[in-house]
Structures are given as structure tokens and as C-alpha cells.
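One structure is given below, encoded as C-alpha cells.
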Amino acid sequence: MLTHRRRFADVWQRVLPWGVRDMRIIAGQAGGLSLRVPRGEVRPTTDRVREALFSILRARVAGGIVLDLFCGSGALALEALSRGASRARMVDSSCAACRVAEENLRASGLSGGSVSVCDCLRFVKRDRGVYDLILADPPYCKALGDRDFISELLMSRLHEMLAPGGFFVAEAQAGYGAAAHMGTPPLPWRLSARRQYGKNVLLFYTVPS
């Protein structure tokens with residue numbers, strides 16, 4: 001199975017010249033597998049930030065159900081599946097991004113993953129799933145007037161989709177949008193942790209019981 005997966009990955013990396021080979025699954029069942037990102041479509045979470053994120057989450061991933069919003073290449077969801085998540089739903093409004101996420105999923109040989117082409121805020125309004133871990137890496141809010149997707153998610157019904165004891169983790173740019181708000185997030189959310197890696201900030205939200 002592993003040999004077949006590696007062979008398939010090598011082939012599709014050659015036949016999709018518009019992608020780039022600058023990402024990989026870091027650990028777990030598919031650890032080391034190169035991932036594709038469509039040029040110009042996404043700003044992927046770096047390996048360093050992803051490794052830090054999953055080092056913090058650790059045991060919460062294994063057996064869990066994961067939702068990856070603004071999934072891009074699907075790297076976050078695939079990392080979760082590789083580390084033992086039972087299911088992972090990937091959502092992005094970009095058809096090109098979802099196509100690459102599907103190819104990355106197929107190349108990984110991991111089971112339990114699915115990809116949906118949908119506006120992420122619209123998906124949250126309609127979906128009735130419950131998730132142990134919700135991840136979001138939206139386009140950064142980097143200037144006055146930029147859309148702050150993280151704040152919009154916090155104001156949505158996303159909290160209803162989080163299982164008891166679960167985490168919503170969002171990536172933002174330091175000093176802007178939700179990453180600049182040092183106060184209390186909107187109820188019922190609680191900011192349980194904030195970690196900064198260069199200009200990248202990980203915001204860990206929970207819903208107190």
C-alpha cells in the first residue's frame with residue numbers, strides 16, 4: 001500500500017506542472033509525503049507552524065473528527081488524518097484548491113477524508129456536523145478594510161458545531177484582525193491560548209461547558 005501510494009504521488013507530481021512541491025505531511029501514517037499547492041490560490045500554513053500546532057494538540061487529534069475551513073491544499077486536514085483522526089472534512093470556495101486537496105488526499109492513501117467546494121461561512125450556516133477540532137487558515141486580514149474571516153466565524157454558529165472539549169484553532173497575521181484583539185472574544189468563546197511564530201499567530205478557542 002505504501003509503495004503504491006508513493007508511486008502514485010510521484011506520477012501525479014510530474015503530470016500537474018502548475019503545482020509546487022514545497023509542503024509535506026510531517027508525521028504519522030503518511031509522514032514525509034510531498035503535497036501540492038496551486039500557484040496563486042493559497043498561502044499555505046508553513047511546516048513549522050503546522051508542526052507546532054499538532055505538537056500542542058497531540059492526543060486530541062487521534063480518533064477525532066476534524067473540519068478544515070479555507071483548506072487550500074488540505075495540508076491541515078491531511079496532517080490530522082495522518083496522525084490518527086477518524087474523519088476530516090475539507091472546505092474551500094476555490095475549485096482549484098479543492099481539486100488539489102482531493103489529489104493530495106488520493107496521493108496520501110489516507111481514509112476518512114472528504115472535500116467540499118463551498119463558501120466557508122455559508123457552509124457553517126448549513127452544516128449540522130459536530131467536530132472535535134475545527135481549523136481555519138483564511139486569507140489574512142492585513143490592512144484596514146480587509147475582511148476579518150476569523151471574527152466572522154466567531155460571530156457565526158460555529159460554536160454549535162464544536163464538540164464538548166473541542167478546539168477551534170485559527171491562523172492569523174500578528175497585529176491584524178482577530179490576532180490584534182487582546183480582549184475577550186464574543187460569547188460563548190474563550191481564547192484559551194495564543195502562540196506566535198514570526199508573523200504567524202495561532203489562536204486557540206474553546207467553548208466553556
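By order in the C-alpha cells, chains are A, B, ...; within a chain, residues start at 1; ligands start at 1, following the order shown.
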
(request) Output as a list in words all residues of range 101-167 of chain A that backbone DSSP marks as strand (DSSP E or B). (result)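 Checking each residue of range 101-167 of chain A, the strand (DSSP E or B) ones are Gly113, Ser114, Val115, Ser116, Val117, Tyr131, Asp132, Leu133, Ile134, Leu135, Ala136, Leu162, Ala163, Pro164, Gly165, Gly166 and Phe167 of chain A.
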
Give me the residues near Pro138 in chain A as an mmCIF file with C-alpha atoms, in the first residue's frame, where near means some atom within 8 Å (using only C-alpha atoms) and where sequence neighbours in that chain fewer than 3 positions away do not count.
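Result file is around19.cif:
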```
data_model
loop_
_atom_site.group_PDB
_atom_site.id
_atom_site.type_symbol
_atom_site.label_atom_id
_atom_site.label_comp_id
_atom_site.auth_asym_id
_atom_site.auth_seq_id
_atom_site.Cartn_x
_atom_site.Cartn_y
_atom_site.Cartn_z
ATOM 1 C CA LEU A 69 -12.094 25.569 6.699
ATOM 2 C CA PHE A 70 -10.311 27.534 3.964
ATOM 3 C CA PHE A 149 -12.894 35.967 8.431
ATOM 4 C CA ILE A 150 -11.906 34.760 11.913
ATOM 5 C CA GLU A 171 -4.253 31.204 11.980
ATOM 6 C CA ALA A 172 -3.882 34.968 11.568
#
```

(request) Return as an NGL selection string the full set of residues in range 35-172 of chain A whose backbone-based DSSP assignment is alpha helix (DSSP H). (result) :A and (47-57 or 75-82 or 95-108 or 120-126 or 149-155)

Generate a file of the selected residues that holds N, CA and C atoms, formatted as a short mmCIF file (atom, residue, chain, number, x, y, z; two decimals), in the first residue's frame.
```cif
data_model
loop_
_atom_site.label_atom_id
_atom_site.label_comp_id
_atom_site.auth_asym_id
_atom_site.auth_seq_id
_atom_site.Cartn_x
_atom_site.Cartn_y
_atom_site.Cartn_z
N ASP A 47 5.34 24.44 7.30
CA ASP A 47 5.62 23.21 8.03
C ASP A 47 5.91 23.51 9.50
N ARG A 48 6.64 24.59 9.77
CA ARG A 48 6.99 24.93 11.14
C ARG A 48 5.76 25.20 11.99
N VAL A 49 4.81 25.99 11.44
CA VAL A 49 3.61 26.32 12.20
C VAL A 49 2.73 25.08 12.35
N ARG A 50 2.64 24.27 11.30
CA ARG A 50 1.83 23.05 11.37
C ARG A 50 2.40 22.09 12.41
N GLU A 51 3.71 21.96 12.42
CA GLU A 51 4.33 21.07 13.41
C GLU A 51 4.07 21.56 14.82
N ALA A 52 4.16 22.87 15.04
CA ALA A 52 3.88 23.43 16.36
C ALA A 52 2.43 23.21 16.75
N LEU A 53 1.52 23.41 15.80
CA LEU A 53 0.09 23.23 16.06
C LEU A 53 -0.21 21.82 16.52
N PHE A 54 0.27 20.84 15.78
CA PHE A 54 -0.07 19.46 16.12
C PHE A 54 0.71 18.94 17.32
N SER A 55 1.82 19.57 17.63
CA SER A 55 2.52 19.22 18.87
C SER A 55 1.70 19.68 20.07
N ILE A 56 1.02 20.82 19.95
CA ILE A 56 0.18 21.32 21.03
C ILE A 56 -1.07 20.46 21.17
N LEU A 57 -1.68 20.10 20.05
CA LEU A 57 -2.95 19.35 20.09
C LEU A 57 -2.74 17.89 20.49
N ALA A 75 -3.63 20.59 3.63
CA ALA A 75 -2.49 20.15 4.44
C ALA A 75 -2.85 19.93 5.91
N LEU A 76 -3.69 20.80 6.48
CA LEU A 76 -4.04 20.65 7.90
C LEU A 76 -4.87 19.39 8.13
N ALA A 77 -5.89 19.20 7.31
CA ALA A 77 -6.74 18.01 7.45
C ALA A 77 -5.94 16.73 7.21
N LEU A 78 -5.08 16.75 6.21
CA LEU A 78 -4.28 15.56 5.90
C LEU A 78 -3.29 15.25 7.02
N GLU A 79 -2.73 16.29 7.61
CA GLU A 79 -1.85 16.08 8.76
C GLU A 79 -2.63 15.43 9.90
N ALA A 80 -3.87 15.87 10.12
CA ALA A 80 -4.70 15.29 11.17
C ALA A 80 -5.02 13.83 10.87
N LEU A 81 -5.39 13.53 9.62
CA LEU A 81 -5.68 12.14 9.25
C LEU A 81 -4.44 11.27 9.40
N SER A 82 -3.29 11.79 9.00
CA SER A 82 -2.05 11.03 9.10
C SER A 82 -1.73 10.71 10.55
N CYS A 95 -12.41 26.23 -6.48
CA CYS A 95 -12.45 24.93 -7.16
C CYS A 95 -11.04 24.38 -7.37
N ALA A 96 -10.09 25.27 -7.71
CA ALA A 96 -8.72 24.83 -7.93
C ALA A 96 -8.11 24.28 -6.65
N ALA A 97 -8.34 24.96 -5.54
CA ALA A 97 -7.81 24.49 -4.26
C ALA A 97 -8.41 23.13 -3.89
N CYS A 98 -9.70 22.98 -4.06
CA CYS A 98 -10.35 21.71 -3.72
C CYS A 98 -9.89 20.58 -4.63
N ARG A 99 -9.63 20.90 -5.88
CA ARG A 99 -9.11 19.87 -6.79
C ARG A 99 -7.75 19.37 -6.30
N VAL A 100 -6.90 20.30 -5.87
CA VAL A 100 -5.59 19.90 -5.36
C VAL A 100 -5.72 19.15 -4.03
N ALA A 101 -6.63 19.60 -3.16
CA ALA A 101 -6.86 18.89 -1.90
C ALA A 101 -7.30 17.45 -2.15
N GLU A 102 -8.17 17.25 -3.15
CA GLU A 102 -8.62 15.90 -3.49
C GLU A 102 -7.46 15.06 -4.01
N GLU A 103 -6.60 15.66 -4.84
CA GLU A 103 -5.45 14.92 -5.36
C GLU A 103 -4.46 14.60 -4.24
N ASN A 104 -4.26 15.53 -3.32
CA ASN A 104 -3.37 15.26 -2.18
C ASN A 104 -3.93 14.14 -1.31
N LEU A 105 -5.25 14.15 -1.10
CA LEU A 105 -5.88 13.09 -0.33
C LEU A 105 -5.70 11.74 -1.00
N ARG A 106 -5.91 11.72 -2.31
CA ARG A 106 -5.77 10.48 -3.07
C ARG A 106 -4.32 9.98 -3.04
N ALA A 107 -3.37 10.90 -3.19
CA ALA A 107 -1.97 10.52 -3.18
C ALA A 107 -1.52 10.00 -1.82
N SER A 108 -2.14 10.51 -0.76
CA SER A 108 -1.74 10.11 0.59
C SER A 108 -2.15 8.68 0.94
N CYS A 120 -16.98 29.15 2.91
CA CYS A 120 -16.85 28.59 4.27
C CYS A 120 -17.90 29.12 5.23
N LEU A 121 -18.23 30.42 5.14
CA LEU A 121 -19.26 30.97 6.02
C LEU A 121 -20.63 30.38 5.69
N ARG A 122 -20.89 30.15 4.41
CA ARG A 122 -22.15 29.53 4.01
C ARG A 122 -22.20 28.08 4.48
N PHE A 123 -21.06 27.39 4.41
CA PHE A 123 -21.00 26.01 4.89
C PHE A 123 -21.35 25.94 6.37
N VAL A 124 -20.79 26.87 7.16
CA VAL A 124 -21.06 26.89 8.60
C VAL A 124 -22.55 27.11 8.87
N LYS A 125 -23.20 27.92 8.08
CA LYS A 125 -24.64 28.17 8.26
C LYS A 125 -25.45 26.91 8.02
N ARG A 126 -25.02 26.10 7.06
CA ARG A 126 -25.84 24.97 6.61
C ARG A 126 -25.48 23.64 7.26
N PHE A 149 -12.12 37.21 8.45
CA PHE A 149 -12.89 35.97 8.43
C PHE A 149 -12.96 35.30 9.80
N ILE A 150 -11.91 35.41 10.59
CA ILE A 150 -11.91 34.76 11.91
C ILE A 150 -12.97 35.38 12.80
N SER A 151 -13.05 36.70 12.82
CA SER A 151 -14.09 37.35 13.62
C SER A 151 -15.48 36.98 13.12
N GLU A 152 -15.64 36.86 11.81
CA GLU A 152 -16.94 36.44 11.26
C GLU A 152 -17.29 35.03 11.72
N LEU A 153 -16.30 34.15 11.74
CA LEU A 153 -16.55 32.78 12.22
C LEU A 153 -16.92 32.78 13.70
N LEU A 154 -16.26 33.60 14.48
CA LEU A 154 -16.57 33.67 15.91
C LEU A 154 -17.98 34.20 16.16
N MET A 155 -18.49 35.02 15.25
CA MET A 155 -19.83 35.58 15.39
C MET A 155 -20.90 34.69 14.77
#
```

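For the pair CA of Arg83 in chain A and CA of Ala174 in chain A, the interatomic distance is 28.0 Å.
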
(message) What's the separation between CA of Thr45 in chain A and CA of Leu144 in chain A, in Å to one decimal place?
(response) 22.8 Å
